[in-house]
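Q: One structure, pasted below without further comment.
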Amino acid sequence: MKQLLLLTVLLLSGLGCARRPEAAPATSPAVVMPTFSTRDLPATFTPAATILALTPTPLATATPVGPTPTPIDFTQTAVELRYLIPALNLERRLQGNIASQIIFVDETGGRALQRSNQARVLLDLQQALPTLALTPLPEGCDRCVYVAYALPLAGQADAGWLQDPVLLASVENIMAAVLGAHVPPGTVVGLRRSASPYAPAHTMAVTTAGEVWLWLATEPEIDGPLAVAATLPNLDAILNQLSPETLNSDYVTSCPGAPLETLYLDVAGVTRQIQISCPEFTLPTTLLPLYVALDNALQDKLADVAGPEKPPSGFPLTAVLNYRRQDGAQLTLYADGLAVAQDALTNVYTNTLTTAAVISLTTQLVDSGLVKPGLTTFFTDAADTAASSRLLVRGPDGVYDARWNGVQTAVAFLDALLDTFILVDDADTTAPAPEDTPVPTPTP
């Protein structure tokens, strides 16, 4: 429990807010999720300030202070920590001195970043590192997690195989929080998600060698690579349709429980790192096929993770339109042409459109000017929107939305389509469709 408390506090004490070396734009909200539930932490108590009665006392006679016989060397190292997974070419380390400065180094990428005012982090490290239970590495295990540390001032050091899942997650997070997501050299596509209430931090990387690496931050020994042909059979076709230079640097909004994600791309000579959060409500149609393919490939890896099941999103990841009309009827269209309608009595009807029809319909709505980017309608007072119509449309730049009262001529064709579906009395069309639930309200 001491290990969990110390490293969880470390995780939340300033480094956990960092996601990558460069600062996030001021206009992009971020979701910062702790690695572990705050229910595992004891409540803290800060005593109230005490007002002391002042009594006159004689002033002491000041005496000159002479120079310190031995000047303090503030550059002296207090903590060193090294973290390696040889199979992934992952080698990272940190070095902190008694001046409360920490240098983080990515040996693989040849980068170093310095952080100042890290006294709390250094204290936590000095208390937590001696508790690490390290054992000798199995012979030839290049997929095992190797950790080495030194506390020169205390004369303590150790090295070996780290197997505790809590400490594994904490060490991985402290490095990723400052240095960003790690992908092996030669990676074409990579995706890292930070920890959430539903899964530990995990990473996926596809390399030019045709290998797919999938690993959890909590694994003491990661799995060997899979074949890209079997894991992502349509990857080449998806990447050929992608223009990475046209993508934004981030697609983020604030959703409860959503992890921070980093998408790495090295396609057609263009290298990008894109920040993502709450992808259901932020991703554009241009990036959707790639993200869905990566997400699907991760499901087997995450299937055995113990923890609460992630609830379905009201605006599903593969949906491109959700229209909730003032009378309570609603329509959801998916990228593959599936149409799911629901009447005011919550009866569900399904139908199918051509993908060309779906693209034409969503393009018409975006071009109409009715919907705007930014999910602005979710910031409206609920009392003013209880009986209004709302529309979400996934476009080439992200998710657009609109809310209004009364009749809106720009959606007349959408009303006609919805009425066509819900007025059809066909028993074959009443099967409920998965993930068709009311759209939740993202948190501002």
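Ordering of the structure tokens sets the chain letters (A, B, ...), residue numbers begin anew at 1 in every chain, and ligands are numbered from 1 in the order given.
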Please identify the strand (DSSP E) residues within stretch 260-353 of chain A (assignment by DSSP from backbone atoms) and present them as a VMD selection string.
A: chain A and resid 261 to 267 270 to 276 319 to 324 330 to 334 338 to 342 348 to 352
Q: Neighbours of stretch 318-329 of chain A within 7 Å (only C-alpha atoms; same-chain residues fewer than 4 positions away dropped), as a VMD selection string?
A: chain A and resid 333 to 335 342 to 344 387 to 394
Q: Among the residues of stretch 72-191 of chain A, find those DSSP assigns to helix (DSSP H, G or I) from the backbone and print them as number ranges by chain.
A: A: 86-88, 119-131, 165-179
Q: Take the residues from that selection and write them out as a short mmCIF file (atom, residue, chain, number, x, y, z; two decimals), in the first residue's frame, keeping N, CA, C and O atoms.
A:
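And here's selection.cif as it stands now:
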```cif
data_model
loop_
_atom_site.label_atom_id
_atom_site.label_comp_id
_atom_site.auth_asym_id
_atom_site.auth_seq_id
_atom_site.Cartn_x
_atom_site.Cartn_y
_atom_site.Cartn_z
N PRO A 86 14.32 -3.52 -23.91
CA PRO A 86 15.20 -3.62 -25.08
C PRO A 86 14.49 -3.97 -26.38
O PRO A 86 14.84 -3.44 -27.44
N ALA A 87 13.49 -4.84 -26.35
CA ALA A 87 12.81 -5.25 -27.59
C ALA A 87 12.15 -4.08 -28.29
O ALA A 87 11.99 -4.08 -29.51
N LEU A 88 11.75 -3.08 -27.53
CA LEU A 88 11.10 -1.90 -28.10
C LEU A 88 12.08 -0.75 -28.34
O LEU A 88 11.67 0.34 -28.74
N ALA A 119 11.00 19.62 -6.14
CA ALA A 119 11.36 19.11 -4.82
C ALA A 119 10.42 18.00 -4.36
O ALA A 119 10.86 16.98 -3.80
N ARG A 120 9.13 18.18 -4.58
CA ARG A 120 8.17 17.16 -4.14
C ARG A 120 8.38 15.84 -4.89
O ARG A 120 8.32 14.75 -4.30
N VAL A 121 8.63 15.94 -6.18
CA VAL A 121 8.86 14.73 -6.97
C VAL A 121 10.11 14.01 -6.50
O VAL A 121 10.12 12.78 -6.34
N LEU A 122 11.16 14.77 -6.26
CA LEU A 122 12.41 14.15 -5.81
C LEU A 122 12.24 13.49 -4.44
O LEU A 122 12.77 12.39 -4.21
N LEU A 123 11.50 14.13 -3.55
CA LEU A 123 11.28 13.53 -2.25
C LEU A 123 10.50 12.23 -2.38
O LEU A 123 10.83 11.21 -1.74
N ASP A 124 9.47 12.23 -3.21
CA ASP A 124 8.68 11.01 -3.42
C ASP A 124 9.54 9.89 -4.00
O ASP A 124 9.41 8.73 -3.61
N LEU A 125 10.40 10.25 -4.95
CA LEU A 125 11.28 9.24 -5.55
C LEU A 125 12.23 8.65 -4.51
O LEU A 125 12.43 7.43 -4.47
N GLN A 126 12.80 9.50 -3.68
CA GLN A 126 13.75 9.01 -2.68
C GLN A 126 13.07 8.11 -1.65
O GLN A 126 13.71 7.21 -1.09
N GLN A 127 11.79 8.33 -1.42
CA GLN A 127 11.08 7.46 -0.49
C GLN A 127 10.57 6.18 -1.16
O GLN A 127 10.52 5.13 -0.52
N ALA A 128 10.20 6.29 -2.45
CA ALA A 128 9.57 5.15 -3.11
C ALA A 128 10.56 4.16 -3.70
O ALA A 128 10.32 2.95 -3.67
N LEU A 129 11.65 4.65 -4.26
CA LEU A 129 12.56 3.76 -4.98
C LEU A 129 13.12 2.63 -4.12
O LEU A 129 13.24 1.49 -4.59
N PRO A 130 13.48 2.89 -2.86
CA PRO A 130 14.00 1.77 -2.06
C PRO A 130 12.97 0.67 -1.81
O PRO A 130 13.33 -0.44 -1.39
N THR A 131 11.69 0.94 -2.08
CA THR A 131 10.66 -0.09 -1.88
C THR A 131 10.47 -0.98 -3.10
O THR A 131 9.70 -1.94 -3.05
N PRO A 165 2.67 -4.43 -10.93
CA PRO A 165 1.92 -3.67 -11.93
C PRO A 165 1.69 -2.21 -11.56
O PRO A 165 1.66 -1.34 -12.43
N VAL A 166 1.53 -1.93 -10.27
CA VAL A 166 1.33 -0.54 -9.84
C VAL A 166 2.58 0.29 -10.10
O VAL A 166 2.53 1.39 -10.65
N LEU A 167 3.72 -0.25 -9.72
CA LEU A 167 4.97 0.48 -9.92
C LEU A 167 5.34 0.54 -11.40
O LEU A 167 5.90 1.54 -11.86
N LEU A 168 5.03 -0.51 -12.15
CA LEU A 168 5.26 -0.47 -13.59
C LEU A 168 4.50 0.68 -14.24
O LEU A 168 5.04 1.44 -15.04
N ALA A 169 3.22 0.80 -13.88
CA ALA A 169 2.40 1.87 -14.45
C ALA A 169 2.92 3.24 -14.06
O ALA A 169 2.92 4.18 -14.87
N SER A 170 3.38 3.38 -12.82
CA SER A 170 3.86 4.67 -12.34
C SER A 170 5.15 5.09 -13.02
O SER A 170 5.31 6.24 -13.42
N VAL A 171 6.09 4.15 -13.16
CA VAL A 171 7.36 4.49 -13.81
C VAL A 171 7.13 4.83 -15.29
O VAL A 171 7.69 5.80 -15.81
N GLU A 172 6.28 4.03 -15.96
CA GLU A 172 5.99 4.34 -17.37
C GLU A 172 5.34 5.71 -17.51
O GLU A 172 5.67 6.49 -18.40
N ASN A 173 4.44 6.04 -16.59
CA ASN A 173 3.72 7.30 -16.70
C ASN A 173 4.62 8.50 -16.44
O ASN A 173 4.52 9.51 -17.13
N ILE A 174 5.51 8.41 -15.45
CA ILE A 174 6.36 9.55 -15.15
C ILE A 174 7.28 9.88 -16.33
O ILE A 174 7.58 11.04 -16.61
N MET A 175 7.70 8.84 -17.06
CA MET A 175 8.54 9.08 -18.24
C MET A 175 7.70 9.63 -19.40
O MET A 175 8.09 10.59 -20.07
N ALA A 176 6.53 9.03 -19.64
CA ALA A 176 5.70 9.45 -20.76
C ALA A 176 5.11 10.84 -20.53
O ALA A 176 4.88 11.59 -21.48
N ALA A 177 4.86 11.21 -19.26
CA ALA A 177 4.27 12.50 -18.97
C ALA A 177 5.17 13.64 -19.43
O ALA A 177 4.68 14.69 -19.85
N VAL A 178 6.48 13.43 -19.37
CA VAL A 178 7.41 14.49 -19.77
C VAL A 178 7.94 14.28 -21.18
O VAL A 178 7.98 15.20 -21.99
N LEU A 179 8.35 13.05 -21.49
CA LEU A 179 9.00 12.78 -22.77
C LEU A 179 8.02 12.41 -23.88
O LEU A 179 8.40 12.32 -25.04
#
```
Q: Can you tell me which residues surround A:Ser368 at a distance of at most 12 Å, considering only C-alpha atoms, apart from same-chain residues fewer than 6 positions away, and format the answer as a PDB file with N, CA, C and O atoms, in the first residue's frame?
A:
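Heads up, here's the output in result_37.pdb:
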```
ATOM      1  N   LEU A 361     -25.337  13.707 -47.637  1.00  0.00           N
ATOM      2  CA  LEU A 361     -26.207  14.287 -46.620  1.00  0.00           C
ATOM      3  C   LEU A 361     -25.402  15.087 -45.600  1.00  0.00           C
ATOM      4  O   LEU A 361     -25.754  16.228 -45.260  1.00  0.00           O
ATOM      5  N   THR A 362     -24.305  14.506 -45.083  1.00  0.00           N
ATOM      6  CA  THR A 362     -23.507  15.211 -44.079  1.00  0.00           C
ATOM      7  C   THR A 362     -22.802  16.426 -44.675  1.00  0.00           C
ATOM      8  O   THR A 362     -22.684  17.463 -44.021  1.00  0.00           O
ATOM      9  N   VAL A 393     -22.858  16.466 -36.398  1.00  0.00           N
ATOM     10  CA  VAL A 393     -22.402  16.001 -37.709  1.00  0.00           C
ATOM     11  C   VAL A 393     -20.886  15.874 -37.685  1.00  0.00           C
ATOM     12  O   VAL A 393     -20.185  16.818 -37.303  1.00  0.00           O
ATOM     13  N   TYR A 400     -19.257  18.849 -35.777  1.00  0.00           N
ATOM     14  CA  TYR A 400     -20.028  20.094 -35.779  1.00  0.00           C
ATOM     15  C   TYR A 400     -21.336  19.852 -35.021  1.00  0.00           C
ATOM     16  O   TYR A 400     -21.818  18.725 -34.938  1.00  0.00           O
ATOM     17  N   ALA A 402     -25.326  21.848 -33.600  1.00  0.00           N
ATOM     18  CA  ALA A 402     -26.277  22.964 -33.619  1.00  0.00           C
ATOM     19  C   ALA A 402     -27.445  22.603 -32.727  1.00  0.00           C
ATOM     20  O   ALA A 402     -27.750  21.425 -32.507  1.00  0.00           O
ATOM     21  N   GLN A 408     -36.660  24.377 -38.550  1.00  0.00           N
ATOM     22  CA  GLN A 408     -35.404  24.770 -39.193  1.00  0.00           C
ATOM     23  C   GLN A 408     -35.420  24.201 -40.612  1.00  0.00           C
ATOM     24  O   GLN A 408     -35.361  22.986 -40.807  1.00  0.00           O
ATOM     25  N   THR A 409     -35.500  25.091 -41.594  1.00  0.00           N
ATOM     26  CA  THR A 409     -35.645  24.648 -42.985  1.00  0.00           C
ATOM     27  C   THR A 409     -34.413  23.905 -43.486  1.00  0.00           C
ATOM     28  O   THR A 409     -34.514  23.084 -44.401  1.00  0.00           O
ATOM     29  N   ALA A 410     -33.244  24.168 -42.898  1.00  0.00           N
ATOM     30  CA  ALA A 410     -32.013  23.519 -43.368  1.00  0.00           C
ATOM     31  C   ALA A 410     -32.023  22.018 -43.130  1.00  0.00           C
ATOM     32  O   ALA A 410     -31.229  21.292 -43.746  1.00  0.00           O
ATOM     33  N   VAL A 411     -32.903  21.533 -42.258  1.00  0.00           N
ATOM     34  CA  VAL A 411     -32.947  20.096 -41.981  1.00  0.00           C
ATOM     35  C   VAL A 411     -34.259  19.485 -42.462  1.00  0.00           C
ATOM     36  O   VAL A 411     -34.625  18.383 -42.019  1.00  0.00           O
TER      37      VAL A 411
END
```
Q: Which residue is closest to A:Ala199? Choose from A:Thr218, A:Asn248, A:Gln275, A:Ser100 and count only C-alpha atoms.
A: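 Comparing A:Thr218, A:Asn248, A:Gln275, A:Ser100 against A:Ala199, the winner is A:Thr218.
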Q: Quick one: everything within 9 Å of A:Gly160, counting only C-alpha atoms, minus sequence neighbours fewer than 3 positions away in the same chain. Send it as a ChimeraX atom specification.
A: /A:133-137,145-148
Q: Would you mind exporting N, CA, C and O atoms of the selected residues as a PDB file, in the first residue's frame?
A:
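Printed below is out_31.pdb as written:
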```pdb
ATOM      1  N   ALA A 133      10.684  -3.856  -5.596  1.00  0.00           N
ATOM      2  CA  ALA A 133      11.090  -5.261  -5.492  1.00  0.00           C
ATOM      3  C   ALA A 133      11.638  -5.688  -6.849  1.00  0.00           C
ATOM      4  O   ALA A 133      10.876  -6.007  -7.763  1.00  0.00           O
ATOM      5  N   LEU A 134      12.948  -5.690  -7.002  1.00  0.00           N
ATOM      6  CA  LEU A 134      13.588  -6.017  -8.270  1.00  0.00           C
ATOM      7  C   LEU A 134      14.259  -7.376  -8.169  1.00  0.00           C
ATOM      8  O   LEU A 134      14.949  -7.673  -7.200  1.00  0.00           O
ATOM      9  N   THR A 135      14.044  -8.207  -9.191  1.00  0.00           N
ATOM     10  CA  THR A 135      14.639  -9.534  -9.238  1.00  0.00           C
ATOM     11  C   THR A 135      15.507  -9.632 -10.491  1.00  0.00           C
ATOM     12  O   THR A 135      15.360  -8.843 -11.421  1.00  0.00           O
ATOM     13  N   PRO A 136      16.415 -10.598 -10.528  1.00  0.00           N
ATOM     14  CA  PRO A 136      17.259 -10.739 -11.720  1.00  0.00           C
ATOM     15  C   PRO A 136      16.423 -11.005 -12.966  1.00  0.00           C
ATOM     16  O   PRO A 136      15.424 -11.730 -12.932  1.00  0.00           O
ATOM     17  N   LEU A 137      16.845 -10.423 -14.080  1.00  0.00           N
ATOM     18  CA  LEU A 137      16.150 -10.641 -15.344  1.00  0.00           C
ATOM     19  C   LEU A 137      16.313 -12.086 -15.807  1.00  0.00           C
ATOM     20  O   LEU A 137      17.401 -12.657 -15.701  1.00  0.00           O
ATOM     21  N   VAL A 145      10.793  -5.765 -18.503  1.00  0.00           N
ATOM     22  CA  VAL A 145      11.015  -4.381 -18.075  1.00  0.00           C
ATOM     23  C   VAL A 145      12.167  -4.354 -17.069  1.00  0.00           C
ATOM     24  O   VAL A 145      12.097  -4.989 -16.013  1.00  0.00           O
ATOM     25  N   TYR A 146      13.216  -3.612 -17.423  1.00  0.00           N
ATOM     26  CA  TYR A 146      14.401  -3.495 -16.579  1.00  0.00           C
ATOM     27  C   TYR A 146      14.445  -2.094 -15.978  1.00  0.00           C
ATOM     28  O   TYR A 146      14.268  -1.092 -16.684  1.00  0.00           O
ATOM     29  N   VAL A 147      14.660  -2.021 -14.664  1.00  0.00           N
ATOM     30  CA  VAL A 147      14.743  -0.748 -13.952  1.00  0.00           C
ATOM     31  C   VAL A 147      15.999  -0.742 -13.099  1.00  0.00           C
ATOM     32  O   VAL A 147      16.346  -1.751 -12.475  1.00  0.00           O
ATOM     33  N   ALA A 148      16.684   0.390 -13.084  1.00  0.00           N
ATOM     34  CA  ALA A 148      17.841   0.580 -12.222  1.00  0.00           C
ATOM     35  C   ALA A 148      17.741   1.961 -11.582  1.00  0.00           C
ATOM     36  O   ALA A 148      17.319   2.915 -12.226  1.00  0.00           O
TER      37      ALA A 148
END
```
Q: Go ahead and compute the interatomic distance for atom CA of A:Ile102 and atom CA of A:Pro200, in Å to one decimal.
A: 25.6 Å
Q: Do you know which residues are at most 7 Å from A:Tyr264 counting only C-alpha atoms, after dropping those on the same chain fewer than 5 positions away, and could you put them as a PyMOL selection string?
A: chain A and resi 189-191+272-274
Q: Contacts of A:Ala157 at 10 Å or less, counting only C-alpha atoms, minus same-chain residues fewer than 4 places along, as an mmCIF file with C-alpha atoms, in the first residue's frame?
A:
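Full text of selection29.cif as output:
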```cif
data_model
loop_
_atom_site.group_PDB
_atom_site.id
_atom_site.type_symbol
_atom_site.label_atom_id
_atom_site.label_comp_id
_atom_site.auth_asym_id
_atom_site.auth_seq_id
_atom_site.Cartn_x
_atom_site.Cartn_y
_atom_site.Cartn_z
ATOM 1 C CA VAL A 79 18.254 10.523 -7.652
ATOM 2 C CA GLU A 80 18.900 8.499 -10.792
ATOM 3 C CA LEU A 81 16.332 6.207 -12.437
ATOM 4 C CA LEU A 129 12.558 3.761 -4.983
ATOM 5 C CA PRO A 130 14.004 1.765 -2.059
ATOM 6 C CA ALA A 148 17.841 0.580 -12.222
ATOM 7 C CA TYR A 149 18.084 3.346 -9.635
ATOM 8 C CA ALA A 150 20.659 5.055 -7.438
ATOM 9 C CA LEU A 151 20.356 7.368 -4.441
ATOM 10 C CA PRO A 152 23.938 8.627 -4.031
#
```
Q: Need to verify the contact set: A:Leu418, 8 Å, only C-alpha atoms, exclusion of same-chain residues closer than 5 positions in sequence. Can you return it as a list in words?
A: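 Residues meeting the cut-off are Gln330, Leu331 and Ala341 of chain A.
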Q: Produce a file of the selected residues containing N, CA and C atoms, as a compact mmCIF listing (two decimals), in the first residue's frame.
A:
```
# COMPACT_ATOMS: atom_id res chain seq x y z
N GLN A 330 -35.36 10.56 -33.01
CA GLN A 330 -33.96 10.80 -33.35
C GLN A 330 -33.46 9.83 -34.42
N LEU A 331 -32.38 10.25 -35.06
CA LEU A 331 -31.79 9.48 -36.16
C LEU A 331 -30.29 9.49 -36.02
N ALA A 341 -33.16 4.75 -36.49
CA ALA A 341 -34.14 5.76 -36.12
C ALA A 341 -34.89 5.32 -34.88
```
Q: One decimal, in Å: what's the spacing between atom CA of A:Trp404 and atom CA of A:Asp250?
A: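 Spanning atom CA of A:Trp404 to atom CA of A:Asp250 is a straight-line distance of 28.4 Å.
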Q: Which of these residues is nearest to A:Val340, using only C-alpha atoms: A:Ile359, A:Val183, A:Leu90, A:Leu353?
A: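 Comparing A:Ile359, A:Val183, A:Leu90, A:Leu353 against A:Val340, the winner is A:Leu353.
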